[in-house]
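Trainee: This is the content of start-v3.pdb (PDB, C-alpha atoms):
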```pdb
ATOM      1  CA  MET A   1     101.934 118.147  68.294
ATOM      2  CA  THR A   2      99.352 116.578  70.628
ATOM      3  CA  SER A   3      97.766 113.221  69.834
ATOM      4  CA  THR A   4      94.111 112.529  70.506
ATOM      5  CA  TYR A   5      92.984 109.108  71.649
ATOM      6  CA  ALA A   6      89.653 107.472  72.393
ATOM      7  CA  TYR A   7      88.571 104.176  73.928
ATOM      8  CA  ALA A   8      86.445 101.515  72.273
ATOM      9  CA  GLN A   9      85.474  97.885  72.621
ATOM     10  CA  TYR A  10      85.536  95.041  70.127
ATOM     11  CA  LEU A  11      83.108  92.237  71.011
ATOM     12  CA  THR A  12      83.060  88.686  69.665
ATOM     13  CA  LEU A  13      80.150  86.421  70.628
ATOM     14  CA  ARG A  14      80.915  82.764  69.892
ATOM     15  CA  SER A  15      79.240  79.402  70.449
ATOM     16  CA  GLU A  16      80.832  75.980  70.384
ATOM     17  CA  THR A  17      77.639  74.468  68.969
ATOM     18  CA  THR A  18      76.159  77.149  66.685
ATOM     19  CA  LEU A  19      77.826  78.136  63.432
ATOM     20  CA  GLY A  20      78.873  81.760  63.092
ATOM     21  CA  ASP A  21      80.129  84.486  65.356
ATOM     22  CA  TYR A  22      78.676  87.911  66.045
ATOM     23  CA  LYS A  23      81.275  90.689  65.871
ATOM     24  CA  PHE A  24      80.554  94.247  66.995
ATOM     25  CA  GLN A  25      82.532  97.376  67.801
ATOM     26  CA  ASN A  26      81.197 100.521  69.457
ATOM     27  CA  TYR A  27      83.267 103.412  68.097
ATOM     28  CA  TRP A  28      83.310 103.632  64.282
ATOM     29  CA  VAL A  29      79.688 104.652  63.623
ATOM     30  CA  ASN A  30      78.082 102.930  60.617
ATOM     31  CA  GLU A  31      81.428 101.453  59.555
ATOM     32  CA  ASP A  32      83.229  98.153  59.753
ATOM     33  CA  ALA A  33      86.503  98.243  61.677
ATOM     34  CA  PRO A  34      89.357  95.726  61.525
ATOM     35  CA  PHE A  35      90.796  93.917  64.531
ATOM     36  CA  PHE A  36      94.112  92.176  63.884
ATOM     37  CA  ASP A  37      95.071  88.755  65.255
ATOM     38  CA  VAL A  38      98.357  89.189  67.143
ATOM     39  CA  ASN A  39      99.577  85.737  66.042
ATOM     40  CA  THR A  40      98.718  85.764  62.342
ATOM     41  CA  GLY A  41      98.203  89.446  61.555
ATOM     42  CA  ALA A  42      94.917  88.554  59.841
ATOM     43  CA  ALA A  43      92.121  91.099  60.134
ATOM     44  CA  SER A  44      88.565  90.321  61.248
ATOM     45  CA  TYR A  45      85.988  93.009  60.564
ATOM     46  CA  PHE A  46      83.566  94.172  63.235
ATOM     47  CA  GLY A  47      80.332  95.980  62.381
ATOM     48  CA  PHE A  48      79.097  98.951  64.387
ATOM     49  CA  LEU A  49      76.547  98.423  67.143
ATOM     50  CA  PRO A  50      76.410 100.761  70.123
ATOM     51  CA  PHE A  51      76.950  98.895  73.382
ATOM     52  CA  ALA A  52      78.428  99.450  76.829
ATOM     53  CA  PHE A  53      80.594  97.014  78.775
ATOM     54  CA  SER A  54      80.719  97.310  82.557
ATOM     55  CA  GLY A  55      81.085  95.697  85.939
ATOM     56  CA  MET A  56      84.123  93.518  85.477
ATOM     57  CA  THR A  57      86.883  92.719  87.929
ATOM     58  CA  VAL A  58      88.635  89.411  87.422
ATOM     59  CA  THR A  59      91.177  87.520  89.486
ATOM     60  CA  LYS A  60      92.449  83.977  89.059
ATOM     61  CA  SER A  61      89.991  82.808  91.706
ATOM     62  CA  GLY A  62      87.030  84.342  89.844
ATOM     63  CA  ASP A  63      85.133  87.496  90.664
ATOM     64  CA  ASN A  64      81.609  86.264  91.462
ATOM     65  CA  GLN A  65      80.295  89.482  89.937
ATOM     66  CA  PRO A  66      78.657  89.380  86.526
ATOM     67  CA  ALA A  67      79.927  91.756  83.900
ATOM     68  CA  ALA A  68      77.279  93.301  81.656
ATOM     69  CA  LEU A  69      76.898  94.191  78.019
ATOM     70  CA  THR A  70      74.118  96.715  77.392
ATOM     71  CA  PHE A  71      72.638  97.272  73.936
ATOM     72  CA  PRO A  72      69.751  99.376  72.672
ATOM     73  CA  ASN A  73      66.540  97.326  72.661
ATOM     74  CA  ASN A  74      65.801  97.405  68.945
ATOM     75  CA  SER A  75      65.478  94.999  66.024
ATOM     76  CA  LEU A  76      69.281  94.892  65.530
ATOM     77  CA  SER A  77      69.871  93.628  69.067
ATOM     78  CA  ARG A  78      66.822  91.441  69.560
ATOM     79  CA  GLY A  79      67.580  89.502  66.379
ATOM     80  CA  TRP A  80      70.592  87.717  67.890
ATOM     81  CA  ALA A  81      70.146  88.201  71.667
ATOM     82  CA  GLU A  82      67.769  85.274  72.125
ATOM     83  CA  ILE A  83      70.228  82.947  70.381
ATOM     84  CA  VAL A  84      73.291  83.984  72.397
ATOM     85  CA  VAL A  85      71.444  83.659  75.713
ATOM     86  CA  ARG A  86      69.811  80.313  74.879
ATOM     87  CA  ASP A  87      73.085  78.779  73.607
ATOM     88  CA  ARG A  88      75.227  80.350  76.373
ATOM     89  CA  TYR A  89      77.690  81.984  74.001
ATOM     90  CA  LEU A  90      81.158  83.050  75.084
ATOM     91  CA  ALA A  91      81.860  86.781  74.925
ATOM     92  CA  ASN A  92      85.339  88.082  74.220
ATOM     93  CA  VAL A  93      85.515  91.829  74.926
ATOM     94  CA  ARG A  94      88.662  93.723  74.008
ATOM     95  CA  THR A  95      89.023  97.289  75.267
ATOM     96  CA  VAL A  96      91.401  99.320  73.119
ATOM     97  CA  ARG A  97      92.840 102.822  72.983
ATOM     98  CA  ILE A  98      92.448 104.050  69.427
ATOM     99  CA  ASP A  99      93.601 106.851  67.203
ATOM    100  CA  PRO A 100      90.328 108.379  65.912
ATOM    101  CA  ASP A 101      91.996 109.125  62.582
ATOM    102  CA  ASP A 102      93.272 105.585  61.948
ATOM    103  CA  LYS A 103      91.179 102.422  62.361
ATOM    104  CA  THR A 104      94.256 100.195  62.294
ATOM    105  CA  ASN A 105      96.173 102.055  65.016
ATOM    106  CA  TYR A 106      95.092 100.842  68.458
ATOM    107  CA  THR A 107      96.583  99.525  71.679
ATOM    108  CA  LEU A 108      94.968  96.631  73.539
ATOM    109  CA  ILE A 109      94.188  97.739  77.111
ATOM    110  CA  ASN A 110      92.181  94.804  78.476
ATOM    111  CA  ARG A 111      90.679  91.500  77.370
ATOM    112  CA  TYR A 112      87.725  89.898  79.162
ATOM    113  CA  VAL A 113      86.311  86.466  78.363
ATOM    114  CA  GLY A 114      83.035  85.460  79.954
ATOM    115  CA  GLN A 115      80.078  83.208  79.325
ATOM    116  CA  ILE A 116      76.573  84.572  78.884
ATOM    117  CA  VAL A 117      74.490  83.488  81.872
ATOM    118  CA  SER A 118      71.349  85.647  81.703
ATOM    119  CA  ALA A 119      69.646  88.602  80.079
ATOM    120  CA  LYS A 120      67.070  91.234  80.906
ATOM    121  CA  TRP A 121      65.456  94.076  79.016
ATOM    122  CA  ASN A 122      63.145  97.038  79.254
ATOM    123  CA  ALA A 123      61.616  99.350  76.653
ATOM    124  CA  THR A 124      64.962 100.966  75.739
ATOM    125  CA  ALA A 125      67.805  98.625  76.741
ATOM    126  CA  LEU A 126      68.782  94.974  76.488
ATOM    127  CA  GLN A 127      71.383  93.770  79.008
ATOM    128  CA  VAL A 128      73.328  90.525  78.753
ATOM    129  CA  GLU A 129      75.117  89.348  81.908
ATOM    130  CA  LEU A 130      78.396  87.452  81.785
ATOM    131  CA  ALA A 131      80.212  85.268  84.291
ATOM    132  CA  SER A 132      83.982  85.154  84.161
ATOM    133  CA  VAL A 133      85.558  81.903  83.062
ATOM    134  CA  LEU A 134      86.223  80.653  86.598
ATOM    135  CA  ASP A 135      82.793  81.692  87.858
ATOM    136  CA  ALA A 136      81.152  79.930  84.910
ATOM    137  CA  VAL A 137      82.997  76.685  85.683
ATOM    138  CA  GLY A 138      82.169  76.963  89.381
ATOM    139  CA  ASN A 139      78.484  77.309  88.528
ATOM    140  CA  ASP A 140      78.564  74.261  86.231
ATOM    141  CA  ILE A 141      77.616  76.231  83.136
ATOM    142  CA  PRO A 142      77.857  73.671  80.333
ATOM    143  CA  ARG A 143      80.627  73.420  77.737
ATOM    144  CA  LYS A 144      83.049  75.671  79.615
ATOM    145  CA  ARG A 145      86.679  74.610  79.504
ATOM    146  CA  LEU A 146      89.560  76.181  81.368
ATOM    147  CA  THR A 147      92.451  76.897  79.051
ATOM    148  CA  GLN A 148      95.690  78.688  79.731
ATOM    149  CA  GLN A 149      94.759  81.244  77.067
ATOM    150  CA  LEU A 150      91.599  82.166  78.998
ATOM    151  CA  VAL A 151      92.898  82.251  82.558
ATOM    152  CA  GLY A 152      96.701  82.011  82.542
ATOM    153  CA  SER A 153      98.607  79.620  84.775
ATOM    154  CA  LEU A 154      96.461  78.317  87.614
ATOM    155  CA  PRO A 155      97.388  76.824  90.961
ATOM    156  CA  LEU A 156      95.810  73.384  91.338
ATOM    157  CA  THR A 157      93.494  73.011  94.302
ATOM    158  CA  ASN A 158      90.715  70.667  95.302
ATOM    159  CA  ARG A 159      88.180  73.338  94.195
ATOM    160  CA  LEU A 160      89.011  73.015  90.487
ATOM    161  CA  ARG A 161      87.362  70.269  88.463
TER     162      ARG A 161
END
```
Can the structure from this file be put into structure tokens for me?
Mentor:
Amino acid sequence: MTSTYAYAQYLTLRSETTLGDYKFQNYWVNEDAPFFDVNTGAASYFGFLPFAFSGMTVTKSGDNQPAALTFPNNSLSRGWAEIVVRDRYLANVRTVRIDPDDKTNYTLINRYVGQIVSAKWNATALQVELASVLDAVGNDIPRKRLTQQLVGSLPLTNRLR
């Protein structure tokens, strides 16, 4: 018997100053899908919104290349996009391999955490650009803290503040 797998992303947009998170996933069309916390086992539900995640390569010294989240330019996206750009939300993107027949059966492939630094749009698409955690700190983007959870163990140098 051959198994079929697909790839999807779960996106959490969070602010330290604004109440409420935005949670989207891009595979289960018109459905909510659970994502389970590895520490507690608790499920958070992510609503469907088509989006693409691209352009990310991260090392412990930063990447200096913005990653991008691209959404359709419609009322669903525009309703929250202005808020997340203005308040410089953090984006947590988890790429997973999923079993298309089972929403709870997935394998985490990659996790990217970045801070929203800019946005642009045209008639059909809205793109939000992200800086990796180290790039955001290096550019003095406010409210960004380095934590071991975000970047792992870091060598201390005179370049870190």
Trainee: Compile the contact shell of range 120-128 of chain A as a ChimeraX atom specification: residues with an atom at most 9 Å away, counting only C-alpha atoms, same-chain residues fewer than 5 positions apart removed.
Mentor: /A:67-74,77-78,81,85
Trainee: May I have the residues within 9 Å of range 35-38 of chain A as JSON, numbers by chain, using all atoms listed in the file and disregarding those fewer than 6 positions away in the same chain?
Mentor: {"A": [10, 44, 45, 46, 103, 104]}
Trainee: Given the choices A:Leu76, A:Thr12, A:Thr17, A:Ala33, which gets closest to Ile98 in chain A if the distance is worked out from all atoms listed in the file?
Mentor: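 Closest residue, counting all atoms listed in the file: A:Ala33.
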Trainee: Could you jot down the CA of Ser54 in chain A to CA of Asp102 in chain A separation for me, Å, one decimal place?
Mentor: 25.5 Å
Trainee: Within 10 Å of (84.2, 100.6, 58.9) (file coordinates; only C-alpha atoms), which protein or nucleic acid residues are there? I'd like them as a PyMOL selection string.
Mentor: chain A and resi 25+27-34+45-48+103
